[in-house]
Amino acid sequence: MTDLKYKLLESHQRITPFIHRTPVLSSTLINEKAGAQVYFKCENFQKMGAFKMRGATNAILCLTDEQKAKGVVTHSSGNMAQAVSLGAKSQGIPAHIVMPQNAPQVKKDAVKDYGGIIHISGNHIAEREQLANKLIEEMGLSFIHPSNDLNVILGQGTAVVELLEERPNLDVILTPVGGGGLLAGSGIAAKELSSSCKIIAGEPERADDAYRSLKSGKIETNENYDTIADGLRTNLGDINFPIIQKYVDGIILVSEEEIVAAMRLIWERMKIIIEPSCAVPFAAVLKNKETFANQKIGIVLTGGNVDLSKLPF
């Protein structure tokens with residue numbers, strides 16, 4: 001057993017008492033439209049409504065007692081903010097959350113409900129990081145990066161561990177890519193637990209830094225993040241990028257219109273709530289039906305925390 005495989009399975013065992021084992025759902029109509037067998041790992045039914053609960057919980061459980069006593073801090077547009085808040089609350093430790101001004105109000109409200117202490121920053125990632133660093137210096141907090149932390153990466157990968165336990169013969173697994181934590185963790189899980197499963201990401205055309213990073217071989221950034229997929233408005237990190245380079249088979253770009261169409265189809269036909277970022281990998285499948293024809297496809301539905309006052313349809 002490789003070291004990463006051991007750490008992945010150890011992480012899954014560690015967090016199991018604190019998370020939901022989410023269902024894997026399928027739809028005959030969705031399969032007909034995709035021209036493939038599609039299995040959705042429904043992390044929109046996870047605690048706090050997103051896969052981020054896995055990575056946040058794993059990272060928090062790996063802290064020392066001294067670190068837990070001082071508390072934790074993260075920066076996030078929403079889902080990691082909620083995950084760290086709830087994960088910290090379950091362990092009885094304080095959580096400080098740096099959120100951009102443009103984070104959805106539904107996610108700000110949820111952070112407060114989970115006991116997180118919100119600190120508002122500017123909208124750019126550098127402004128979030130600056131404020132988080134200030135809080136670390138002033139309060140001695142332990143930083144939990146939303147995606148560029150190995151314990152977070154391994155925690156996120158446990159969603160695919162469970163998916164492959166239920167559907168061991170998948171040809172390909174797709175996730176969205178934003179900060180890269182889920183994609184890196186899913187890549188580890190897919191390649192370490194399956195001999196033949198490919199791992200592919202979907203990414204918005206308007207926030208295509210991961211696509212460009214794989215092409216250039218170095219971490220690229222975006223000048224702006226003008227995409228409806230608010231959970232993907234961030235960049236890869238120096239810990240997850242080498243993992244992505246090693247394990248990921250490709251990234252498919254999709255338009256805003258394709259994201260909305262895929263999101264609407266899942267709402268209408270699956271009867272479940274997903275947020276725009278969730279719809280990105282499914283949009284990639286619909287866009288490339290010939291590539292995926294007749295394959296067994298796993299898709300991680302990453303979250304369901306939607307501002308219902310701002311639906312795109």
# chains A, B, ... in the order shown; residues from 1 in each chain; ligands from 1
>>> residues_around(residues="segment 61-70 of chain A", least_positions_apart="2", cutoff="7 Å", atoms="only C-alpha atoms", output="short mmCIF file (atom, residue, chain, number, x, y, z; two decimals) with C-alpha atoms, in the first residue's frame")
data_model
loop_
_atom_site.label_atom_id
_atom_site.label_comp_id
_atom_site.auth_asym_id
_atom_site.auth_seq_id
_atom_site.Cartn_x
_atom_site.Cartn_y
_atom_site.Cartn_z
CA THR A 57 -13.12 17.87 9.67
CA ASN A 58 -9.98 15.91 8.81
CA ALA A 59 -7.74 18.97 9.18
CA ILE A 93 -13.12 25.14 19.45
CA GLY A 140 -2.16 32.48 17.35
CA LEU A 141 -4.82 30.71 15.28
CA SER A 142 -4.11 27.62 13.19
#
>>> residues_around(residues="segment 203-211 of chain A", least_positions_apart="2", cutoff="9 Å", atoms="only C-alpha atoms", output="mmCIF file with C-alpha atoms, in the first residue's frame")
data_model
loop_
_atom_site.group_PDB
_atom_site.id
_atom_site.type_symbol
_atom_site.label_atom_id
_atom_site.label_comp_id
_atom_site.auth_asym_id
_atom_site.auth_seq_id
_atom_site.Cartn_x
_atom_site.Cartn_y
_atom_site.Cartn_z
ATOM 1 C CA THR A 175 -15.357 16.879 -10.251
ATOM 2 C CA PRO A 176 -15.313 20.655 -10.532
ATOM 3 C CA VAL A 177 -12.000 22.439 -9.977
ATOM 4 C CA GLY A 178 -11.547 25.718 -8.135
ATOM 5 C CA GLY A 179 -8.853 25.702 -5.466
ATOM 6 C CA GLY A 180 -7.938 22.136 -6.411
ATOM 7 C CA ALA A 201 -12.333 18.119 -13.982
ATOM 8 C CA SER A 213 -1.914 25.609 -15.313
ATOM 9 C CA LEU A 214 -1.959 22.039 -16.631
ATOM 10 C CA LYS A 215 -1.051 23.345 -20.096
ATOM 11 C CA SER A 216 1.835 25.549 -18.946
ATOM 12 C CA ILE A 219 0.287 27.703 -11.433
ATOM 13 C CA GLU A 220 -1.670 30.306 -13.393
ATOM 14 C CA THR A 221 -4.101 32.844 -11.943
ATOM 15 C CA ASN A 222 -7.187 34.724 -13.135
ATOM 16 C CA GLU A 223 -7.441 38.475 -13.497
ATOM 17 C CA ASN A 224 -11.133 38.273 -12.620
ATOM 18 C CA TYR A 225 -13.617 35.607 -11.606
ATOM 19 C CA ASP A 226 -16.724 36.498 -13.584
ATOM 20 C CA THR A 227 -18.481 33.144 -13.278
ATOM 21 C CA ILE A 228 -21.771 32.057 -11.776
ATOM 22 C CA ALA A 229 -19.859 29.163 -10.166
ATOM 23 C CA LEU A 232 -14.672 27.993 -8.126
ATOM 24 C CA ARG A 233 -13.412 31.582 -7.901
ATOM 25 C CA THR A 234 -9.992 30.674 -6.541
ATOM 26 C CA ASN A 235 -6.587 29.328 -7.588
ATOM 27 C CA LEU A 236 -4.560 26.128 -7.314
ATOM 28 C CA PHE A 241 -1.001 21.274 -8.055
ATOM 29 C CA GLY A 250 -7.621 16.396 -18.130
ATOM 30 C CA ILE A 251 -9.788 19.479 -17.621
ATOM 31 C CA ILE A 252 -12.806 20.426 -19.750
ATOM 32 C CA LEU A 253 -13.938 24.046 -20.019
ATOM 33 C CA VAL A 254 -17.636 24.973 -20.103
ATOM 34 C CA SER A 255 -19.527 28.203 -20.727
ATOM 35 C CA GLU A 256 -21.809 30.005 -18.312
ATOM 36 C CA ILE A 259 -23.380 25.514 -16.514
ATOM 37 C CA SER A 277 -20.315 24.941 -9.138
ATOM 38 C CA VAL A 280 -19.826 22.232 -14.029
ATOM 39 C CA PRO A 281 -18.651 18.599 -14.418
ATOM 40 C CA ALA A 284 -18.655 18.945 -19.323
#
>>> residues_around(residues="Pro23 of chain A", least_positions_apart="4", cutoff="9 Å", atoms="only C-alpha atoms", output="CSV table (one decimal) with N, CA and C atoms, in the first residue's frame")
chain,number,residue,atom,x,y,z
A,40,PHE,N,-24.3,10.1,-9.5
A,40,PHE,CA,-24.0,11.3,-8.8
A,40,PHE,C,-23.7,11.0,-7.3
A,41,LYS,N,-22.5,11.3,-6.9
A,41,LYS,CA,-22.2,11.3,-5.4
A,41,LYS,C,-22.7,12.6,-4.8
A,42,CYS,N,-23.8,12.5,-4.0
A,42,CYS,CA,-24.6,13.7,-3.6
A,42,CYS,C,-24.0,14.3,-2.4
A,43,GLU,N,-22.9,15.0,-2.5
A,43,GLU,CA,-22.4,15.8,-1.4
A,43,GLU,C,-23.2,17.0,-1.0
A,45,PHE,N,-26.0,16.6,0.1
A,45,PHE,CA,-26.6,16.1,1.3
A,45,PHE,C,-25.7,15.9,2.4
A,163,LEU,N,-17.6,6.6,-3.2
A,163,LEU,CA,-18.2,6.4,-4.5
A,163,LEU,C,-17.7,5.1,-5.1
>>> closest_residue(among="A:Gln82, A:Tyr114, A:Val106, A:Glu165", to="Arg21 of chain A", atoms="only C-alpha atoms")
A:Glu165
>>> residues_around(residues="Lys47 of chain A", least_positions_apart="3", cutoff="7 Å", atoms="only C-alpha atoms", output="PyMOL selection string")
chain A and resi 19-20+50+53
>>> write_last_selection(atoms="C-alpha atoms", output="compact mmCIF listing (two decimals), in the first residue's frame")
# COMPACT_ATOMS: atom_id res chain seq x y z
CA ILE A 19 -19.81 13.19 8.50
CA HIS A 20 -22.70 11.77 6.50
CA ALA A 50 -21.13 20.42 0.79
CA MET A 53 -17.11 19.13 5.56
>>> residues_around(residues="Ile125 of chain A", least_positions_apart="4", cutoff="10 Å", atoms="only C-alpha atoms", output="PyMOL selection string")
chain A and resi 75-77+99-100+121+129-130+233-235
>>> write_last_selection(atoms="C-alpha atoms", output="compact mmCIF listing (two decimals), in the first residue's frame")
# COMPACT_ATOMS: atom_id res chain seq x y z
CA HIS A 75 -10.76 32.17 4.19
CA SER A 76 -13.62 31.15 1.94
CA SER A 77 -16.44 32.43 -0.25
CA MET A 99 -15.20 35.97 3.83
CA PRO A 100 -15.19 38.29 0.79
CA SER A 121 -12.36 41.17 3.43
CA GLU A 129 -5.11 35.92 2.65
CA GLN A 130 -3.83 39.20 4.07
CA ARG A 233 -13.41 31.58 -7.90
CA THR A 234 -9.99 30.67 -6.54
CA ASN A 235 -6.59 29.33 -7.59
>>> atom_distance(atom1="atom CA of Thr291 of chain A", atom2="atom CA of Gln156 of chain A")
26.5 Å
>>> residues_around(residues="Glu268 of chain A", least_positions_apart="5", cutoff="12 Å", atoms="only C-alpha atoms", output="PyMOL selection string")
chain A and resi 27+29-30+261-263+273-274+313
>>> write_last_selection(atoms="N, CA and C atoms", output="JSON list (two decimals), in the first residue's frame")
[["chain", "number", "residue", "atom", "x", "y", "z"],
["A", 27, "SER", "N", -30.37, 8.61, -12.71],
["A", 27, "SER", "CA", -31.64, 8.94, -13.33],
["A", 27, "SER", "C", -31.65, 8.39, -14.75],
["A", 29, "LEU", "N", -33.56, 9.29, -17.22],
["A", 29, "LEU", "CA", -33.63, 10.39, -18.18],
["A", 29, "LEU", "C", -32.29, 11.08, -18.34],
["A", 30, "ILE", "N", -31.59, 11.30, -17.21],
["A", 30, "ILE", "CA", -30.25, 11.90, -17.28],
["A", 30, "ILE", "C", -29.32, 11.02, -18.11],
["A", 261, "ALA", "N", -27.59, 25.46, -17.86],
["A", 261, "ALA", "CA", -28.43, 24.42, -18.46],
["A", 261, "ALA", "C", -28.27, 23.10, -17.70],
["A", 262, "ALA", "N", -27.04, 22.75, -17.33],
["A", 262, "ALA", "CA", -26.81, 21.50, -16.60],
["A", 262, "ALA", "C", -27.40, 21.57, -15.20],
["A", 263, "MET", "N", -27.26, 22.72, -14.57],
["A", 263, "MET", "CA", -27.83, 22.92, -13.23],
["A", 263, "MET", "C", -29.35, 22.77, -13.27],
["A", 273, "ILE", "N", -31.47, 19.90, -5.06],
["A", 273, "ILE", "CA", -30.88, 21.24, -5.14],
["A", 273, "ILE", "C", -29.37, 21.13, -5.23],
["A", 274, "ILE", "N", -28.81, 21.73, -6.27],
["A", 274, "ILE", "CA", -27.36, 21.84, -6.37],
["A", 274, "ILE", "C", -27.00, 23.30, -6.67],
["A", 313, "PHE", "N", -32.26, 30.74, -13.23],
["A", 313, "PHE", "CA", -33.33, 30.35, -14.15],
["A", 313, "PHE", "C", -34.67, 30.59, -13.48]]
>>> select_by_dssp(residues="segment 26-226 of chain A", states="alpha helix (DSSP H)", output="ChimeraX atom specification")
/A:28-34,52-61,65-70,79-90,105-113,125-139,150-166,181-193,209-216
>>> write_last_selection(atoms="C-alpha atoms", output="compact mmCIF listing (two decimals), in the first residue's frame")
# COMPACT_ATOMS: atom_id res chain seq x y z
CA THR A 28 -32.82 7.11 -16.44
CA LEU A 29 -33.63 10.39 -18.18
CA ILE A 30 -30.25 11.90 -17.28
CA ASN A 31 -28.55 8.79 -18.66
CA GLU A 32 -30.50 9.10 -21.90
CA LYS A 33 -29.55 12.76 -22.31
CA ALA A 34 -25.88 12.07 -21.50
CA LYS A 52 -15.95 20.66 2.27
CA MET A 53 -17.11 19.13 5.56
CA ARG A 54 -14.81 16.19 4.87
CA GLY A 55 -11.58 18.13 4.45
CA ALA A 56 -12.31 20.63 7.20
CA THR A 57 -13.12 17.87 9.67
CA ASN A 58 -9.98 15.91 8.81
CA ALA A 59 -7.74 18.97 9.18
CA ILE A 60 -9.31 19.95 12.52
CA LEU A 61 -9.02 16.42 13.93
CA ASP A 65 -4.80 19.99 21.74
CA GLU A 66 -2.83 23.24 22.09
CA GLN A 67 -3.76 24.30 18.57
CA LYS A 68 -7.42 23.42 19.13
CA ALA A 69 -7.51 25.54 22.29
CA LYS A 70 -6.39 28.65 20.39
CA ASN A 79 -18.69 26.35 1.73
CA MET A 80 -15.30 25.95 3.45
CA ALA A 81 -16.37 28.77 5.74
CA GLN A 82 -19.40 26.76 6.80
CA ALA A 83 -17.43 23.51 7.01
CA VAL A 84 -14.72 24.91 9.29
CA SER A 85 -17.35 26.61 11.44
CA LEU A 86 -19.35 23.41 11.92
CA GLY A 87 -16.29 21.18 12.23
CA ALA A 88 -14.81 23.44 14.89
CA LYS A 89 -18.13 23.63 16.72
CA SER A 90 -18.30 19.83 16.89
CA GLN A 105 -25.65 36.00 1.90
CA VAL A 106 -27.06 32.50 2.42
CA LYS A 107 -23.51 31.29 3.11
CA LYS A 108 -22.73 34.18 5.47
CA ASP A 109 -25.91 33.43 7.40
CA ALA A 110 -25.01 29.75 7.63
CA VAL A 111 -21.53 30.51 8.98
CA LYS A 112 -23.12 32.53 11.78
CA ASP A 113 -25.60 29.73 12.48
CA ILE A 125 -7.96 36.19 -2.96
CA ALA A 126 -4.91 38.23 -1.90
CA GLU A 127 -7.12 40.39 0.33
CA ARG A 128 -8.59 37.30 2.00
CA GLU A 129 -5.11 35.92 2.65
CA GLN A 130 -3.83 39.20 4.07
CA LEU A 131 -6.62 39.42 6.63
CA ALA A 132 -6.27 35.74 7.58
CA ASN A 133 -2.53 36.24 8.18
CA LYS A 134 -3.28 39.25 10.37
CA LEU A 135 -5.62 37.17 12.53
CA ILE A 136 -3.02 34.40 12.81
CA GLU A 137 -0.40 36.88 14.03
CA GLU A 138 -2.73 38.55 16.51
CA MET A 139 -4.44 35.46 17.97
CA LEU A 150 -2.74 17.79 2.54
CA ASN A 151 -5.13 16.88 5.37
CA VAL A 152 -7.88 18.86 3.61
CA ILE A 153 -7.03 17.22 0.27
CA LEU A 154 -7.17 13.72 1.76
CA GLY A 155 -10.44 14.51 3.52
CA GLN A 156 -12.05 15.70 0.30
CA GLY A 157 -10.86 12.55 -1.47
CA THR A 158 -12.94 10.39 0.87
CA ALA A 159 -16.05 11.25 -1.20
CA VAL A 160 -14.54 9.28 -4.07
CA VAL A 161 -13.47 6.49 -1.68
CA GLU A 162 -17.16 6.00 -0.89
CA LEU A 163 -18.23 6.40 -4.52
CA LEU A 164 -15.83 3.66 -5.63
CA GLU A 165 -16.97 1.39 -2.80
CA GLU A 166 -20.49 1.57 -4.23
CA GLY A 181 -8.41 20.33 -3.09
CA LEU A 182 -11.29 18.12 -4.22
CA LEU A 183 -9.70 17.39 -7.59
CA ALA A 184 -6.37 16.45 -5.99
CA GLY A 185 -8.03 14.24 -3.36
CA SER A 186 -10.30 12.64 -5.94
CA GLY A 187 -7.30 12.00 -8.16
CA ILE A 188 -5.52 10.19 -5.35
CA ALA A 189 -8.63 8.12 -4.61
CA ALA A 190 -9.35 7.27 -8.26
CA LYS A 191 -5.81 6.23 -9.13
CA GLU A 192 -4.87 4.54 -5.84
CA LEU A 193 -8.12 2.58 -5.47
CA ASP A 209 -6.68 28.98 -14.35
CA ALA A 210 -6.45 25.23 -13.64
CA TYR A 211 -6.81 24.41 -17.34
CA ARG A 212 -4.05 26.89 -18.19
CA SER A 213 -1.91 25.61 -15.31
CA LEU A 214 -1.96 22.04 -16.63
CA LYS A 215 -1.05 23.35 -20.10
CA SER A 216 1.84 25.55 -18.95
>>> select_by_dssp(residues="segment 14-77 of chain A", states="strand (DSSP E)", output="list in words")
Val24, Leu25, Gln37, Val38, Tyr39, Phe40, Lys41, Cys42, Val72, Val73, Thr74 and His75 of chain A
>>> write_last_selection(atoms="C-alpha atoms", output="PDB file, in the first residue's frame")
ATOM      1  CA  VAL A  24     -25.185   7.852  -4.935  1.00  0.00           C
ATOM      2  CA  LEU A  25     -28.130   8.637  -7.219  1.00  0.00           C
ATOM      3  CA  GLN A  37     -24.473   5.758 -17.172  1.00  0.00           C
ATOM      4  CA  VAL A  38     -24.084   8.661 -14.730  1.00  0.00           C
ATOM      5  CA  TYR A  39     -23.802   8.176 -10.976  1.00  0.00           C
ATOM      6  CA  PHE A  40     -23.999  11.289  -8.806  1.00  0.00           C
ATOM      7  CA  LYS A  41     -22.218  11.266  -5.429  1.00  0.00           C
ATOM      8  CA  CYS A  42     -24.552  13.665  -3.625  1.00  0.00           C
ATOM      9  CA  VAL A  72      -8.687  28.011  13.728  1.00  0.00           C
ATOM     10  CA  VAL A  73      -9.055  30.411  10.812  1.00  0.00           C
ATOM     11  CA  THR A  74      -9.825  29.949   7.122  1.00  0.00           C
ATOM     12  CA  HIS A  75     -10.761  32.168   4.190  1.00  0.00           C
TER      13      HIS A  75
END
